[in-house]
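Q: Dropping in entry20.tsv, with TSV, C-alpha atoms and all ligand atoms.
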chain	number	residue	atom	x	y	z
A	943	MET	CA	-4.25	96.25	36.37
A	944	SER	CA	-6.36	95.55	33.29
A	945	ALA	CA	-9.00	92.84	33.03
A	946	LEU	CA	-8.60	91.27	29.58
A	947	PRO	CA	-11.46	89.46	27.86
A	948	ILE	CA	-11.50	86.03	29.46
A	949	ALA	CA	-14.47	85.32	27.21
A	950	THR	CA	-12.07	84.49	24.41
A	951	ARG	CA	-9.89	82.40	26.68
A	952	VAL	CA	-12.19	80.18	28.68
A	953	ARG	CA	-14.27	77.47	27.04
A	954	ALA	CA	-17.96	78.23	27.50
A	955	PRO	CA	-19.93	75.44	29.16
A	956	ALA	CA	-21.15	72.90	26.65
A	957	VAL	CA	-24.38	72.20	28.49
A	958	THR	CA	-26.45	75.03	29.85
A	959	GLU	CA	-27.62	73.56	33.11
A	960	TYR	CA	-28.09	74.94	36.59
A	961	LEU	CA	-26.30	74.32	39.86
A	962	HIS	CA	-29.08	73.64	42.36
A	963	ALA	CA	-29.33	73.49	46.13
A	964	GLU	CA	-32.67	71.90	46.99
A	965	GLY	CA	-34.02	72.02	50.54
A	966	VAL	CA	-30.50	71.88	51.98
A	967	SER	CA	-30.03	71.79	55.74
A	968	LYS	CA	-26.74	71.89	57.62
A	969	GLN	CA	-26.30	71.89	61.38
A	970	PHE	CA	-23.17	72.40	63.52
A	971	GLY	CA	-24.05	71.11	67.00
A	972	ALA	CA	-26.95	73.28	68.11
A	973	VAL	CA	-26.41	75.84	65.32
A	974	LYS	CA	-28.71	75.46	62.33
A	975	ALA	CA	-26.44	77.04	59.72
A	976	LEU	CA	-28.80	76.22	56.81
A	977	SER	CA	-32.49	75.35	57.04
A	978	GLU	CA	-34.16	73.81	53.99
A	979	LEU	CA	-32.45	76.31	51.74
A	980	SER	CA	-33.06	76.21	48.00
A	981	LEU	CA	-31.34	78.29	45.34
A	982	GLU	CA	-30.06	77.91	41.83
A	983	LEU	CA	-27.09	79.31	39.94
A	984	ARG	CA	-27.53	79.62	36.21
A	985	PRO	CA	-24.79	79.55	33.57
A	986	GLY	CA	-23.92	83.03	32.32
A	987	GLU	CA	-25.28	84.93	35.33
A	988	ILE	CA	-23.71	86.77	38.22
A	989	HIS	CA	-25.73	85.79	41.25
A	990	GLY	CA	-25.21	87.60	44.55
A	991	LEU	CA	-25.68	85.85	47.89
A	992	ILE	CA	-26.18	88.34	50.71
A	993	GLY	CA	-27.12	88.24	54.38
A	994	PRO	CA	-25.93	89.40	57.80
A	995	ASN	CA	-22.79	88.01	59.45
A	996	GLY	CA	-23.28	84.38	60.37
A	997	SER	CA	-26.34	83.97	58.13
A	998	GLY	CA	-24.83	80.96	56.36
A	999	LYS	CA	-23.35	82.37	53.13
A	1000	THR	CA	-19.97	80.63	53.40
A	1001	THR	CA	-21.75	77.46	54.48
A	1002	VAL	CA	-23.75	77.61	51.23
A	1003	LEU	CA	-20.48	77.73	49.27
A	1004	ASN	CA	-19.05	74.92	51.39
A	1005	VAL	CA	-22.00	72.59	50.78
A	1006	LEU	CA	-22.20	73.42	47.07
A	1007	THR	CA	-18.50	72.66	46.60
A	1008	GLY	CA	-18.40	69.55	48.79
A	1009	TYR	CA	-16.33	70.94	51.69
A	1010	TYR	CA	-19.19	70.13	54.08
A	1011	PRO	CA	-21.58	67.20	53.77
A	1012	ILE	CA	-25.25	68.16	53.99
A	1013	ASP	CA	-27.70	66.83	56.60
A	1014	ALA	CA	-30.73	66.98	54.32
A	1015	GLY	CA	-31.70	68.03	50.83
A	1016	ARG	CA	-29.84	67.65	47.58
A	1017	ILE	CA	-27.16	69.39	45.50
A	1018	ARG	CA	-27.48	68.94	41.74
A	1019	VAL	CA	-25.41	69.98	38.74
A	1020	GLY	CA	-27.96	69.82	35.97
A	1021	GLY	CA	-29.53	66.39	36.21
A	1022	THR	CA	-26.72	64.89	38.30
A	1023	ASP	CA	-27.00	64.55	42.06
A	1024	VAL	CA	-23.57	65.54	43.38
A	1025	SER	CA	-24.57	65.67	47.08
A	1026	ALA	CA	-22.27	62.79	48.04
A	1027	LEU	CA	-19.36	63.70	45.76
A	1028	SER	CA	-15.97	64.84	47.05
A	1029	VAL	CA	-14.55	68.31	46.45
A	1030	GLN	CA	-12.43	66.95	43.58
A	1031	ARG	CA	-15.39	65.24	41.92
A	1032	ARG	CA	-17.41	68.47	42.18
A	1033	VAL	CA	-14.58	70.28	40.42
A	1034	GLN	CA	-14.80	67.61	37.72
A	1035	ALA	CA	-18.53	68.32	37.56
A	1036	GLY	CA	-17.65	71.97	36.86
A	1037	VAL	CA	-17.92	73.65	40.27
A	1038	ALA	CA	-14.93	75.78	41.34
A	1039	ARG	CA	-14.48	78.29	44.12
A	1040	THR	CA	-12.27	80.85	45.85
A	1041	PHE	CA	-11.91	81.41	49.59
A	1042	GLN	CA	-12.52	84.32	51.97
A	1043	LYS	CA	-8.81	84.20	52.80
A	1044	PRO	CA	-6.91	83.37	49.58
A	1045	ARG	CA	-5.41	79.88	49.73
A	1046	ILE	CA	-2.25	80.36	47.74
A	1047	LEU	CA	0.76	78.03	48.04
A	1048	PRO	CA	3.34	80.63	49.07
A	1049	THR	CA	6.56	78.99	47.92
A	1050	LEU	CA	5.29	78.07	44.44
A	1051	SER	CA	5.34	80.49	41.53
A	1052	VAL	CA	2.18	82.33	40.62
A	1053	LEU	CA	2.04	80.29	37.40
A	1054	ASP	CA	2.32	76.99	39.31
A	1055	ASN	CA	-0.47	78.10	41.64
A	1056	VAL	CA	-2.71	78.57	38.61
A	1057	LEU	CA	-1.56	75.26	37.11
A	1058	LEU	CA	-2.75	73.52	40.29
A	1059	GLY	CA	-6.25	74.41	39.16
A	1060	ALA	CA	-5.66	72.44	35.95
A	1061	TRP	CA	-4.89	69.19	37.81
A	1062	ARG	CA	-7.77	67.48	36.02
A	1063	ASP	CA	-6.13	68.01	32.62
A	1064	ALA	CA	-2.66	67.32	33.98
A	1065	ALA	CA	-3.74	64.07	35.67
A	1066	ALA	CA	-5.24	62.83	32.41
A	1067	ALA	CA	-1.75	62.90	30.96
A	1068	MET	CA	0.09	61.47	33.95
A	1069	LEU	CA	1.50	58.33	32.30
A	1070	PRO	CA	2.76	60.08	29.17
A	1071	THR	CA	4.21	62.79	31.45
A	1072	MET	CA	6.08	60.18	33.52
A	1073	PHE	CA	7.75	58.98	30.34
A	1074	ALA	CA	8.24	62.53	29.03
A	1075	THR	CA	6.74	61.73	25.65
A	1076	PRO	CA	6.50	64.49	23.02
A	1077	SER	CA	2.72	64.55	23.44
A	1078	ALA	CA	3.13	65.05	27.21
A	1079	ARG	CA	5.55	67.92	26.61
A	1080	ARG	CA	3.09	69.50	24.17
A	1081	ARG	CA	0.26	69.15	26.70
A	1082	GLU	CA	2.38	70.59	29.49
A	1083	SER	CA	3.26	73.58	27.39
A	1084	SER	CA	-0.35	74.11	26.30
A	1085	LEU	CA	-1.44	74.04	29.97
A	1086	SER	CA	1.22	76.63	30.78
A	1087	ILE	CA	0.16	78.82	27.87
A	1088	ARG	CA	-3.43	78.66	29.02
A	1089	ALA	CA	-2.47	79.41	32.63
A	1090	ARG	CA	-0.53	82.46	31.43
A	1091	GLU	CA	-3.54	83.57	29.37
A	1092	LEU	CA	-5.77	83.25	32.42
A	1093	LEU	CA	-3.30	85.30	34.43
A	1094	ALA	CA	-3.40	87.91	31.67
A	1095	GLY	CA	-7.19	87.78	31.82
A	1096	VAL	CA	-7.15	88.74	35.50
A	1097	GLY	CA	-4.43	91.36	34.99
A	1098	MET	CA	-1.63	89.32	36.60
A	1099	ALA	CA	0.49	88.28	33.60
A	1100	HIS	CA	3.43	90.33	34.85
A	1101	ALA	CA	3.67	88.24	38.03
A	1102	ALA	CA	3.52	84.75	36.47
A	1103	ASP	CA	7.10	83.79	37.38
A	1104	GLU	CA	7.22	85.42	40.80
A	1105	ARG	CA	6.88	83.50	44.03
A	1106	ALA	CA	3.28	83.66	45.18
A	1107	ASP	CA	4.23	85.02	48.61
A	1108	ALA	CA	5.69	88.10	46.91
A	1109	LEU	CA	2.17	89.15	45.95
A	1110	GLU	CA	-0.02	91.59	47.79
A	1111	HIS	CA	-3.31	90.42	49.23
A	1112	GLY	CA	-5.42	91.85	46.38
A	1113	GLU	CA	-3.16	90.25	43.78
A	1114	GLN	CA	-3.55	86.87	45.49
A	1115	ARG	CA	-7.30	87.19	45.11
A	1116	PHE	CA	-6.93	87.56	41.34
A	1117	VAL	CA	-4.53	84.60	41.16
A	1118	GLU	CA	-7.09	82.49	43.03
A	1119	ILE	CA	-9.71	83.41	40.44
A	1120	ALA	CA	-7.31	82.42	37.64
A	1121	ARG	CA	-6.70	79.10	39.44
A	1122	ALA	CA	-10.44	78.49	39.71
A	1123	LEU	CA	-10.81	79.22	35.98
A	1124	ALA	CA	-7.97	76.80	35.17
A	1125	SER	CA	-10.29	73.91	36.08
A	1126	ARG	CA	-12.53	74.89	33.13
A	1127	PRO	CA	-15.53	75.40	35.43
A	1128	ARG	CA	-19.17	75.88	34.56
A	1129	PHE	CA	-19.72	77.59	37.90
A	1130	VAL	CA	-17.38	79.68	40.05
A	1131	LEU	CA	-18.32	80.54	43.62
A	1132	LEU	CA	-16.47	83.51	45.10
A	1133	ASP	CA	-16.32	84.12	48.86
A	1134	GLU	CA	-15.99	87.85	49.53
A	1135	PRO	CA	-13.66	88.51	46.58
A	1136	ALA	CA	-13.76	92.29	47.09
A	1137	GLY	CA	-12.54	92.01	50.69
A	1138	GLY	CA	-9.36	94.04	51.17
A	1139	LEU	CA	-9.24	95.29	47.58
A	1140	SER	CA	-8.58	98.90	46.60
A	1141	ASN	CA	-11.22	100.79	44.61
A	1142	ASN	CA	-9.24	100.24	41.40
A	1143	GLU	CA	-8.92	96.53	42.13
A	1144	ILE	CA	-12.67	96.34	42.79
A	1145	GLU	CA	-13.28	97.88	39.36
A	1146	SER	CA	-10.95	95.30	37.80
A	1147	LEU	CA	-12.72	92.54	39.71
A	1148	GLY	CA	-16.03	93.71	38.26
A	1149	GLU	CA	-14.56	93.48	34.74
A	1150	VAL	CA	-13.24	89.98	35.42
A	1151	LEU	CA	-16.65	88.83	36.68
A	1152	GLN	CA	-18.35	90.32	33.61
A	1153	ALA	CA	-15.88	88.47	31.38
A	1154	MET	CA	-16.64	85.23	33.21
A	1155	LYS	CA	-20.35	85.82	32.71
A	1156	ALA	CA	-19.77	86.55	29.02
A	1157	ALA	CA	-17.93	83.22	28.77
A	1158	GLY	CA	-21.10	81.47	29.98
A	1159	ILE	CA	-19.85	80.77	33.49
A	1160	GLY	CA	-22.32	81.00	36.36
A	1161	VAL	CA	-20.75	83.21	39.05
A	1162	MET	CA	-21.96	83.15	42.65
A	1163	LEU	CA	-20.82	86.21	44.54
A	1164	VAL	CA	-20.85	86.18	48.34
A	1165	GLU	CA	-20.07	89.74	49.28
A	1166	HIS	CA	-20.77	92.34	51.96
A	1167	HIS	CA	-19.90	95.15	49.56
A	1168	THR	CA	-23.57	95.68	48.68
A	1169	ASP	CA	-23.07	98.48	46.13
A	1170	PHE	CA	-20.79	96.16	44.19
A	1171	VAL	CA	-23.31	93.29	44.42
A	1172	PHE	CA	-26.32	95.34	43.34
A	1173	ARG	CA	-24.39	97.00	40.52
A	1174	LEU	CA	-23.01	93.78	39.07
A	1175	CYS	CA	-25.47	90.98	39.73
A	1176	ASP	CA	-28.26	89.75	37.49
A	1177	ARG	CA	-30.03	88.16	40.45
A	1178	VAL	CA	-29.51	88.29	44.19
A	1179	THR	CA	-30.54	85.79	46.87
A	1180	ALA	CA	-30.87	87.06	50.44
A	1181	ILE	CA	-30.70	84.75	53.45
A	1182	ASP	CA	-30.86	85.12	57.22
A	1183	PHE	CA	-30.19	82.47	59.88
A	1184	GLY	CA	-29.66	79.98	57.06
A	1185	ARG	CA	-33.15	80.58	55.71
A	1186	PHE	CA	-34.15	81.87	52.31
A	1187	ILE	CA	-35.64	85.39	52.40
A	1188	THR	CA	-35.98	86.26	48.72
A	1189	CYS	CA	-34.38	86.02	45.29
A	1190	GLY	CA	-34.79	88.49	42.45
A	1191	THR	CA	-33.32	91.38	40.55
A	1192	PRO	CA	-31.03	93.71	42.51
A	1193	GLN	CA	-33.76	96.40	42.42
A	1194	ALA	CA	-36.38	94.03	43.86
A	1195	VAL	CA	-34.11	92.60	46.56
A	1196	ARG	CA	-32.84	96.03	47.58
A	1197	CYS	CA	-36.43	97.15	48.28
A	1198	HIS	CA	-37.57	93.92	49.96
A	1199	PRO	CA	-38.80	94.84	53.47
A	1200	GLU	CA	-37.30	91.78	55.15
A	1201	VAL	CA	-33.91	92.36	53.48
A	1202	ILE	CA	-33.98	95.97	54.65
A	1203	ARG	CA	-34.97	94.88	58.17
A	1204	VAL	CA	-32.33	92.18	58.68
A	1205	TYR	CA	-29.46	93.37	56.50
A	1206	LEU	CA	-29.53	96.72	54.75
A	1207	GLY	CA	-31.00	98.71	57.63
A	1208	ALA	CA	-34.05	100.95	57.50
B	1301	LIG	N1	-17.20	74.57	60.70
B	1301	LIG	C1	-18.11	75.11	61.51
B	1301	LIG	N2	-18.27	74.63	62.77
B	1301	LIG	C2	-19.19	75.16	63.60
B	1301	LIG	N3	-20.01	76.17	63.29
B	1301	LIG	C3	-19.90	76.70	62.05
B	1301	LIG	C4	-18.95	76.19	61.10
B	1301	LIG	N4	-19.07	76.90	59.95
B	1301	LIG	C5	-20.04	77.81	60.17
B	1301	LIG	N5	-20.53	77.68	61.43
B	1301	LIG	C6	-21.63	78.47	62.01
B	1301	LIG	O1	-22.67	78.48	61.05
B	1301	LIG	C7	-23.28	79.77	61.01
B	1301	LIG	C8	-23.17	80.31	59.59
B	1301	LIG	O2	-21.80	80.64	59.36
B	1301	LIG	P1	-21.26	81.15	57.96
B	1301	LIG	O3	-19.78	81.32	58.07
B	1301	LIG	O4	-21.74	80.26	56.89
B	1301	LIG	O5	-21.96	82.56	57.83
B	1301	LIG	P2	-21.64	83.77	56.85
B	1301	LIG	O6	-22.96	84.33	56.43
B	1301	LIG	O7	-20.72	83.33	55.78
B	1301	LIG	O8	-20.90	84.79	57.83
B	1301	LIG	P3	-19.91	86.01	57.49
B	1301	LIG	O9	-20.68	87.01	56.69
B	1301	LIG	O10	-19.55	86.54	58.85
B	1301	LIG	O11	-18.73	85.44	56.75
B	1301	LIG	C9	-22.58	80.62	62.04
B	1301	LIG	O12	-23.34	80.56	63.24
B	1301	LIG	C10	-21.24	79.93	62.22
B	1301	LIG	O13	-20.70	80.15	63.51
Any chance you could give the structure as structure tokens?

A:
Amino acid sequence: MSALPIATRVRAPAVTEYLHAEGVSKQFGAVKALSELSLELRPGEIHGLIGPNGSGKTTVLNVLTGYYPIDAGRIRVGGTDVSALSVQRRVQAGVARTFQKPRILPTLSVLDNVLLGAWRDAAAAMLPTMFATPSARRRESSLSIRARELLAGVGMAHAADERADALEHGEQRFVEIARALASRPRFVLLDEPAGGLSNNEIESLGEVLQAMKAAGIGVMLVEHHTDFVFRLCDRVTAIDFGRFITCGTPQAVRCHPEVIRVYLGA
């Protein structure tokens, strides 16, 4: 598998603004999953989010992407408060994600799975498409070309026309990343993308994330594979029990006494 330069394939964000969580709290019954948590994801950075099991990492992704409503605080994309926006509207605002367990539609082709990520562009041309106008056909083919390029960018071009359920687990992870990129995101949030990957696939994943960064995309990386996180990330935020511990360079976070105590071990 080779990670091709997505930088030449994905439009860089026009506006360099941050994705912010400000004082966000989220409770499930008696469980305080997030307590007044603040963090920011910048365009063109790879930002690790680490913490022990159950510390709230996936919940952070779920509140940033609109899967869970927040109880308090605010989520902003640049100057826009997106706290009350649906998942789809957050995608329109430039926030895309992948899941801990890849959510691939098994009976569709790999290409069609990626095209699902481009629904925003496809929907814009719905009427012309219904009447099969030449402009709709051109748009459809340009979406397909771009989806194939994204698949090439994540090393999956060879599988474009296969059924998605023919893919191995690791391959599905790469297709999910291509699908996230198809929405032309400013930010991509990845939930344990290295989980279940071989060493070679992890290397390829690192190249894909670097290419995303080079394209100006802000990448949030939730990952237990700490060597991978510290090697790749520009900044790392550590949390525990839904509370912020620290944020800084990998070197600083790795040596932080509280991070060592609760997560990395003495
Ligand atoms: N939908 C939910 N309903 C009830 N409790 C939830 C829900 N989602 C998360 N929680 C609880 O919130 C806390 C944080 O969970 P979360 O999955 O965000 O942690 P995590 O850091 O991602 O864990 P892991 O590293 O094991 O994936 C946990 O106590 C979890 O049981």

Q: Measuring atom to atom with all atoms listed in the file, identify which of A:Thr1001, A:Asn1055, A:Gln1193, A:Ser967 is nearest to Arg1105 in chain A.

A: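 Using all atoms listed in the file, the shortest distance to Arg1105 in chain A belongs to A:Asn1055.
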
Q: Hey, can you pull every residue with an atom no more than 8 Å from (-16.2, 71.1, 46.5), using only C-alpha atoms, and send it as a PyMOL selection string?

A: chain A and resi 1004-1009+1028-1033+1037-1039

Q: Could you list, as a count of residues only, all residues that come within 12 Å of ligand LIG 1301 (chain B)? Count only C-alpha atoms and all ligand atoms.

A: 50

Q: Measure the distance from CA of Glu987 in chain A to CA of Asn1142 in chain A in Å and round it to one decimal.

A: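 Interatomic distance, CA of Glu987 in chain A to CA of Asn1142 in chain A: 23.0 Å.
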
Q: Measure the distance from CA of Gly1158 in chain A to CA of Ile1017 in chain A in Å and round it to one decimal.

A: 20.6 Å

Q: Could you work out how far CA of Phe1172 in chain A lies from CA of Leu1109 in chain A, giving the answer in Å with one decimal?

A: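 Result for CA of Leu1109 in chain A versus CA of Phe1172 in chain A: 29.3 Å, one decimal.
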
Q: Residues near range 1096-1098 of chain A, anyone? I mean within 10 Å using only C-alpha atoms, not counting same-chain ones fewer than 2 positions away, as number ranges by chain.

A: A: 943-948, 1052-1053, 1090-1094, 1100-1102, 1113-1120, 1143, 1146-1147, 1149-1151, 1153

Q: Given all atoms listed in the file as the basis, pick out the residue of A:Leu961, A:Val1195, A:Leu979, A:Val1201 nearest to Ala1035 in chain A.

A: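 Smallest distance to Ala1035 in chain A is found for A:Leu961.
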
Q: For Arg984 in chain A, which of A:Val966, A:Met1162, A:Leu1058, A:Ala1194 is the closest residue, counting all atoms listed in the file?

A: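 The closest residue to Arg984 in chain A is A:Met1162.
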
Q: Is it possible to get the axis-aligned box enclosing range 1120-1127 of chain A (all listed atoms, 8 Å extra per side) as lines of an AutoDock Vina configuration file, with centre and edge lengths in Å rounded to one decimal?

A:
center_x = -11.1
center_y = 78.2
center_z = 36.4
size_x = 24.8
size_y = 24.5
size_z = 22.6
